[in-house]
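Comments concern the structure below.
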Amino acid sequence: MSDTVTKDHRLIISFLGHSINKEKADIKLNKQLGAIKIRDAYGVCINSKQAWLFDYAVLVCWDFNQAELEQLIAQIDELIISPEKRPSIDHYIYREGEYGDFNIKNDCLFLDNSDDMTKLALSHALAQSTKLEFFEEQAQAVISENAYLSQLLAQTGKVPLTRKALAKLRGTLFKTSTDINLHFNLLDTPEFFWDNPNLEGVYQQLSKYLDLLPRIHILQKKLDTIHNLVDMLSTEQNHKHSAFLEWVIIILIAVDIAIYFF
């Protein structure tokens with residue numbers, strides 16, 4: 001086997017922030033950097049090497065070195081909405097050559113061609129996995145911060161949270177669920193494959209390797225559990241508030257009666 005076939009190439013996936021400003025991206029990337037846009041991905045070249053930037057602020061770079069990665073991130077920094085202070089970076093290895101069908105082993109991707117569209121198909125799965133990892137960490141942080149609630153409720157029958165605190169917690173959970181289910185296409189096959197159904201197979205294969213669907217289902221179950229706890233606490237607070245108002249009304253009526261007779 002030749003050196004070309006066996007050479008390891010570097011694959012970098014970086015999570016940059018919440019999302020990108022699409023209006024600025026169209027100007028900066030398309031007009032200034034000569035990028036191409038395919039559905040929700042922008043293709044950018046540096047030194048004849050391809051990178052794909054997704055709407056949800058994940059960057060997938062094929063065969064970039066560290067300097068090229070830093071150069072590209074600096075160029076697109078102004079496009080990122082709610083950027084990460086320290087962008088997370090994942091690394092994979094890939095090889096190109098006559099390997100037969102595409103396959104993955106020990107975080108190494110074996111490509112049977114060097115076609116850019118094949119790399120874009122794979123980039124979709126890698127980007128989704130990286131974005132999902134952010135939501136997993138965010139959900140785990142919410143779970144850890146509020147793990148004491150159920151234990152405290154079981155021990156004392158009370159939870160020291162105000163109505164405002166419960167509303168903020170519910171808002172955080174709702175935002176996370178909405179981002180997963182609606183905004184970032186994490187539950188659906190990307191629209192790119194409507195135009196390229198022949199590439200959906202490699203995407204599905206990598207998605208399965210990355211456990212995308214099982215991870216999404218586990219994440220949703222965790223969020224649903226917290227939702228149920230918050231709903232229960234909110235219902236309990238509403239009952240207490242209603243009972244308080246009832247007592248206020250009773251007292252006011254009693255005072256009114258006392259004043260009337262005395």
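Residues are named by chain letter and number: chains run A, B, ... in the order of the structure tokens, numbers start at 1 in each chain, and ligands are numbered from 1 in the order shown.
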(Q) Quick check for you: according to DSSP on this backbone, which residues of segment 13-88 of chain A are classed as helix (DSSP H, G or I)? Reply as a ChimeraX atom specification. (A) /A:22-32,66-79
Using only C-alpha atoms, which residues of segment 156-261 of chain A come within 10 Å of segment 114-138 of chain A, and what is the closest atom pair for each, with the distance in Å to one decimal? Give it as JSON lines, sorted by chain and residue number.
{"residue": "A:Thr172", "atom": "CA", "partner": "A:Gln138", "partner_atom": "CA", "distance": 9.8}
{"residue": "A:Leu173", "atom": "CA", "partner": "A:Gln138", "partner_atom": "CA", "distance": 9.7}
{"residue": "A:Thr176", "atom": "CA", "partner": "A:Phe135", "partner_atom": "CA", "distance": 7.1}
{"residue": "A:Ser177", "atom": "CA", "partner": "A:Phe135", "partner_atom": "CA", "distance": 9.2}
{"residue": "A:Asp179", "atom": "CA", "partner": "A:Phe135", "partner_atom": "CA", "distance": 8.9}
{"residue": "A:Ile180", "atom": "CA", "partner": "A:Phe135", "partner_atom": "CA", "distance": 7.9}
{"residue": "A:Phe184", "atom": "CA", "partner": "A:Gln128", "partner_atom": "CA", "distance": 8.4}
{"residue": "A:Asn185", "atom": "CA", "partner": "A:Gln128", "partner_atom": "CA", "distance": 8.3}
{"residue": "A:Leu186", "atom": "CA", "partner": "A:Gln128", "partner_atom": "CA", "distance": 6.2}
{"residue": "A:Leu187", "atom": "CA", "partner": "A:Gln128", "partner_atom": "CA", "distance": 9.4}
{"residue": "A:Thr189", "atom": "CA", "partner": "A:His124", "partner_atom": "CA", "distance": 9.2}
{"residue": "A:Pro190", "atom": "CA", "partner": "A:His124", "partner_atom": "CA", "distance": 7.4}
{"residue": "A:Phe192", "atom": "CA", "partner": "A:Ala121", "partner_atom": "CA", "distance": 7.9}
{"residue": "A:Phe193", "atom": "CA", "partner": "A:Ala121", "partner_atom": "CA", "distance": 8.0}
{"residue": "A:Asn196", "atom": "CA", "partner": "A:Met117", "partner_atom": "CA", "distance": 8.7}
{"residue": "A:Asn198", "atom": "CA", "partner": "A:Thr118", "partner_atom": "CA", "distance": 9.6}
{"residue": "A:Leu199", "atom": "CA", "partner": "A:Ala121", "partner_atom": "CA", "distance": 6.4}
{"residue": "A:Glu200", "atom": "CA", "partner": "A:Ala121", "partner_atom": "CA", "distance": 7.2}
{"residue": "A:Gly201", "atom": "CA", "partner": "A:Ala121", "partner_atom": "CA", "distance": 9.2}
{"residue": "A:Val202", "atom": "CA", "partner": "A:Leu122", "partner_atom": "CA", "distance": 6.8}
{"residue": "A:Tyr203", "atom": "CA", "partner": "A:Leu122", "partner_atom": "CA", "distance": 5.4}
{"residue": "A:Gln204", "atom": "CA", "partner": "A:Ala125", "partner_atom": "CA", "distance": 7.9}
{"residue": "A:Gln205", "atom": "CA", "partner": "A:Leu122", "partner_atom": "CA", "distance": 9.1}
{"residue": "A:Leu206", "atom": "CA", "partner": "A:Ala125", "partner_atom": "CA", "distance": 6.4}
{"residue": "A:Ser207", "atom": "CA", "partner": "A:Ala125", "partner_atom": "CA", "distance": 5.5}
{"residue": "A:Lys208", "atom": "CA", "partner": "A:Ala125", "partner_atom": "CA", "distance": 9.2}
{"residue": "A:Tyr209", "atom": "CA", "partner": "A:Ala125", "partner_atom": "CA", "distance": 9.7}
{"residue": "A:Leu210", "atom": "CA", "partner": "A:Ser129", "partner_atom": "CA", "distance": 6.8}
{"residue": "A:Asp211", "atom": "CA", "partner": "A:Ser129", "partner_atom": "CA", "distance": 8.4}
{"residue": "A:Leu212", "atom": "CA", "partner": "A:Ser129", "partner_atom": "CA", "distance": 6.4}
{"residue": "A:Leu213", "atom": "CA", "partner": "A:Ser129", "partner_atom": "CA", "distance": 9.9}
{"residue": "A:Arg215", "atom": "CA", "partner": "A:Leu132", "partner_atom": "CA", "distance": 8.1}
{"residue": "A:Ile216", "atom": "CA", "partner": "A:Leu132", "partner_atom": "CA", "distance": 7.5}
{"residue": "A:Ile218", "atom": "CA", "partner": "A:Glu136", "partner_atom": "CA", "distance": 9.3}
{"residue": "A:Leu219", "atom": "CA", "partner": "A:Glu136", "partner_atom": "CA", "distance": 6.4}
{"residue": "A:Gln220", "atom": "CA", "partner": "A:Glu136", "partner_atom": "CA", "distance": 9.6}
{"residue": "A:Lys222", "atom": "CA", "partner": "A:Glu136", "partner_atom": "CA", "distance": 9.6}
{"residue": "A:Leu223", "atom": "CA", "partner": "A:Glu136", "partner_atom": "CA", "distance": 10.0}
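For the pair atom CA of Asp231 of chain A and atom CA of Thr156 of chain A, the interatomic distance is 18.3 Å.
Closest approach to Arg170 of chain A from the set A:Ile93, A:Ile226, A:Ile257, A:Ile46 is made by A:Ile226, with distances taken over only C-alpha atoms.
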Q: Pull the strand (DSSP E) assignments for segment 108-251 of chain A out of DSSP run on the backbone, and list those residues as a PyMOL selection string.
A: chain A and resi 108-111
Restricted to N, CA, C and O atoms, what would the selected residues look like written as a CSV table (one decimal), in the first residue's frame?
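Result file is again36.csv:
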chain,number,residue,atom,x,y,z
A,108,CYS,N,-10.8,6.6,14.0
A,108,CYS,CA,-10.2,6.9,12.7
A,108,CYS,C,-11.2,6.7,11.6
A,108,CYS,O,-11.8,5.6,11.5
A,109,LEU,N,-11.4,7.6,10.7
A,109,LEU,CA,-12.3,7.5,9.6
A,109,LEU,C,-11.5,7.1,8.4
A,109,LEU,O,-10.6,7.7,8.0
A,110,PHE,N,-12.0,6.0,7.7
A,110,PHE,CA,-11.4,5.5,6.5
A,110,PHE,C,-12.3,5.9,5.3
A,110,PHE,O,-13.4,5.3,5.2
A,111,LEU,N,-11.8,6.8,4.5
A,111,LEU,CA,-12.6,7.3,3.4
A,111,LEU,C,-12.2,6.6,2.1
A,111,LEU,O,-11.0,6.5,1.9
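Atom CA of Pro214 of chain A to atom CA of Ala141 of chain A spans 19.7 Å [interatomic distance, one decimal].
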Q) Taking only C-alpha atoms into account, which of A:Ile27, A:Leu11, A:Ile250, A:Leu229 comes nearest Leu79 of chain A? A) A:Ile27
Which residues, written as an mmCIF file with all heavy atoms, in the first residue's frame, have at least one atom at most 9 Å from Gly17 of chain A, with only C-alpha atoms counted and residues fewer than 5 positions away on the same chain left out?
data_model
loop_
_atom_site.group_PDB
_atom_site.id
_atom_site.type_symbol
_atom_site.label_atom_id
_atom_site.label_comp_id
_atom_site.auth_asym_id
_atom_site.auth_seq_id
_atom_site.Cartn_x
_atom_site.Cartn_y
_atom_site.Cartn_z
ATOM 1 N N TYR A 56 -25.055 26.561 13.626
ATOM 2 C CA TYR A 56 -25.048 26.490 15.083
ATOM 3 C C TYR A 56 -23.638 26.590 15.647
ATOM 4 O O TYR A 56 -23.340 26.085 16.742
ATOM 5 C CB TYR A 56 -25.766 25.229 15.576
ATOM 6 C CG TYR A 56 -25.472 23.956 14.821
ATOM 7 C CD1 TYR A 56 -24.399 23.148 15.177
ATOM 8 C CD2 TYR A 56 -26.277 23.538 13.748
ATOM 9 C CE1 TYR A 56 -24.122 21.980 14.503
ATOM 10 C CE2 TYR A 56 -26.020 22.366 13.074
ATOM 11 C CZ TYR A 56 -24.944 21.590 13.454
ATOM 12 O OH TYR A 56 -24.680 20.419 12.785
ATOM 13 N N ALA A 57 -22.756 27.253 14.909
ATOM 14 C CA ALA A 57 -21.426 27.662 15.398
ATOM 15 C C ALA A 57 -20.513 26.495 15.742
ATOM 16 O O ALA A 57 -19.783 26.519 16.737
ATOM 17 C CB ALA A 57 -21.544 28.612 16.583
ATOM 18 N N VAL A 58 -20.544 25.464 14.910
ATOM 19 C CA VAL A 58 -19.570 24.383 15.010
ATOM 20 C C VAL A 58 -18.741 24.380 13.734
ATOM 21 O O VAL A 58 -19.287 24.469 12.626
ATOM 22 C CB VAL A 58 -20.247 23.013 15.205
ATOM 23 C CG1 VAL A 58 -19.196 21.897 15.186
ATOM 24 C CG2 VAL A 58 -20.998 22.980 16.532
ATOM 25 N N ILE A 80 -19.807 35.026 15.422
ATOM 26 C CA ILE A 80 -20.327 34.108 16.426
ATOM 27 C C ILE A 80 -21.194 34.835 17.446
ATOM 28 O O ILE A 80 -20.792 35.834 18.030
ATOM 29 C CB ILE A 80 -19.183 33.380 17.154
ATOM 30 C CG1 ILE A 80 -18.228 32.751 16.135
ATOM 31 C CG2 ILE A 80 -19.746 32.323 18.097
ATOM 32 C CD1 ILE A 80 -18.862 31.765 15.200
ATOM 33 N N ILE A 81 -22.401 34.324 17.645
ATOM 34 C CA ILE A 81 -23.310 34.839 18.667
ATOM 35 C C ILE A 81 -23.051 34.086 19.969
ATOM 36 O O ILE A 81 -23.019 32.864 19.982
ATOM 37 C CB ILE A 81 -24.779 34.669 18.227
ATOM 38 C CG1 ILE A 81 -25.049 35.475 16.944
ATOM 39 C CG2 ILE A 81 -25.739 35.111 19.336
ATOM 40 C CD1 ILE A 81 -26.411 35.214 16.340
ATOM 41 N N SER A 82 -22.870 34.846 21.063
ATOM 42 C CA SER A 82 -22.541 34.260 22.376
ATOM 43 C C SER A 82 -21.355 33.300 22.266
ATOM 44 O O SER A 82 -21.479 32.096 22.530
ATOM 45 C CB SER A 82 -23.753 33.520 22.967
ATOM 46 O OG SER A 82 -24.840 34.383 23.151
ATOM 47 N N PRO A 83 -20.196 33.825 21.866
ATOM 48 C CA PRO A 83 -19.029 32.949 21.674
ATOM 49 C C PRO A 83 -18.519 32.341 22.969
ATOM 50 O O PRO A 83 -18.667 32.924 24.050
ATOM 51 C CB PRO A 83 -17.988 33.901 21.073
ATOM 52 C CG PRO A 83 -18.381 35.259 21.569
ATOM 53 C CD PRO A 83 -19.877 35.242 21.648
ATOM 54 N N GLU A 84 -17.934 31.159 22.864
ATOM 55 C CA GLU A 84 -17.292 30.515 24.002
ATOM 56 C C GLU A 84 -15.971 31.227 24.296
ATOM 57 O O GLU A 84 -15.243 31.614 23.384
ATOM 58 C CB GLU A 84 -17.004 29.048 23.681
ATOM 59 C CG GLU A 84 -18.248 28.190 23.566
ATOM 60 C CD GLU A 84 -18.877 27.920 24.911
ATOM 61 O OE1 GLU A 84 -18.251 27.230 25.733
ATOM 62 O OE2 GLU A 84 -20.007 28.417 25.141
ATOM 63 N N LYS A 85 -15.661 31.391 25.584
ATOM 64 C CA LYS A 85 -14.392 32.010 25.941
ATOM 65 C C LYS A 85 -13.224 31.137 25.490
ATOM 66 O O LYS A 85 -12.212 31.633 25.009
ATOM 67 C CB LYS A 85 -14.332 32.232 27.464
ATOM 68 C CG LYS A 85 -15.327 33.285 27.959
ATOM 69 C CD LYS A 85 -15.188 33.489 29.458
ATOM 70 C CE LYS A 85 -16.176 34.554 29.938
ATOM 71 N NZ LYS A 85 -16.088 34.756 31.411
ATOM 72 N N PRO A 87 -13.080 27.999 23.042
ATOM 73 C CA PRO A 87 -13.762 27.030 22.173
ATOM 74 C C PRO A 87 -13.260 25.612 22.422
ATOM 75 O O PRO A 87 -12.054 25.381 22.524
ATOM 76 C CB PRO A 87 -13.398 27.512 20.764
ATOM 77 C CG PRO A 87 -13.074 28.958 20.914
ATOM 78 C CD PRO A 87 -12.442 29.080 22.272
#
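Using only C-alpha atoms, the smallest distance between any of A:Ala67, A:Leu29, A:Leu59, A:Ala139 and Lys221 of chain A comes from A:Ala139.
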Q.
One decimal, in Å: what's the spacing between atom CA of Asp26 of chain A and atom CA of Leu72 of chain A?
A. 15.8 Å
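The shortest atom-to-atom distance to Val44 of chain A, with only C-alpha atoms taken into account, belongs to A:Asn30 out of A:Gln151, A:Asn30, A:Asn21, A:Asn65.
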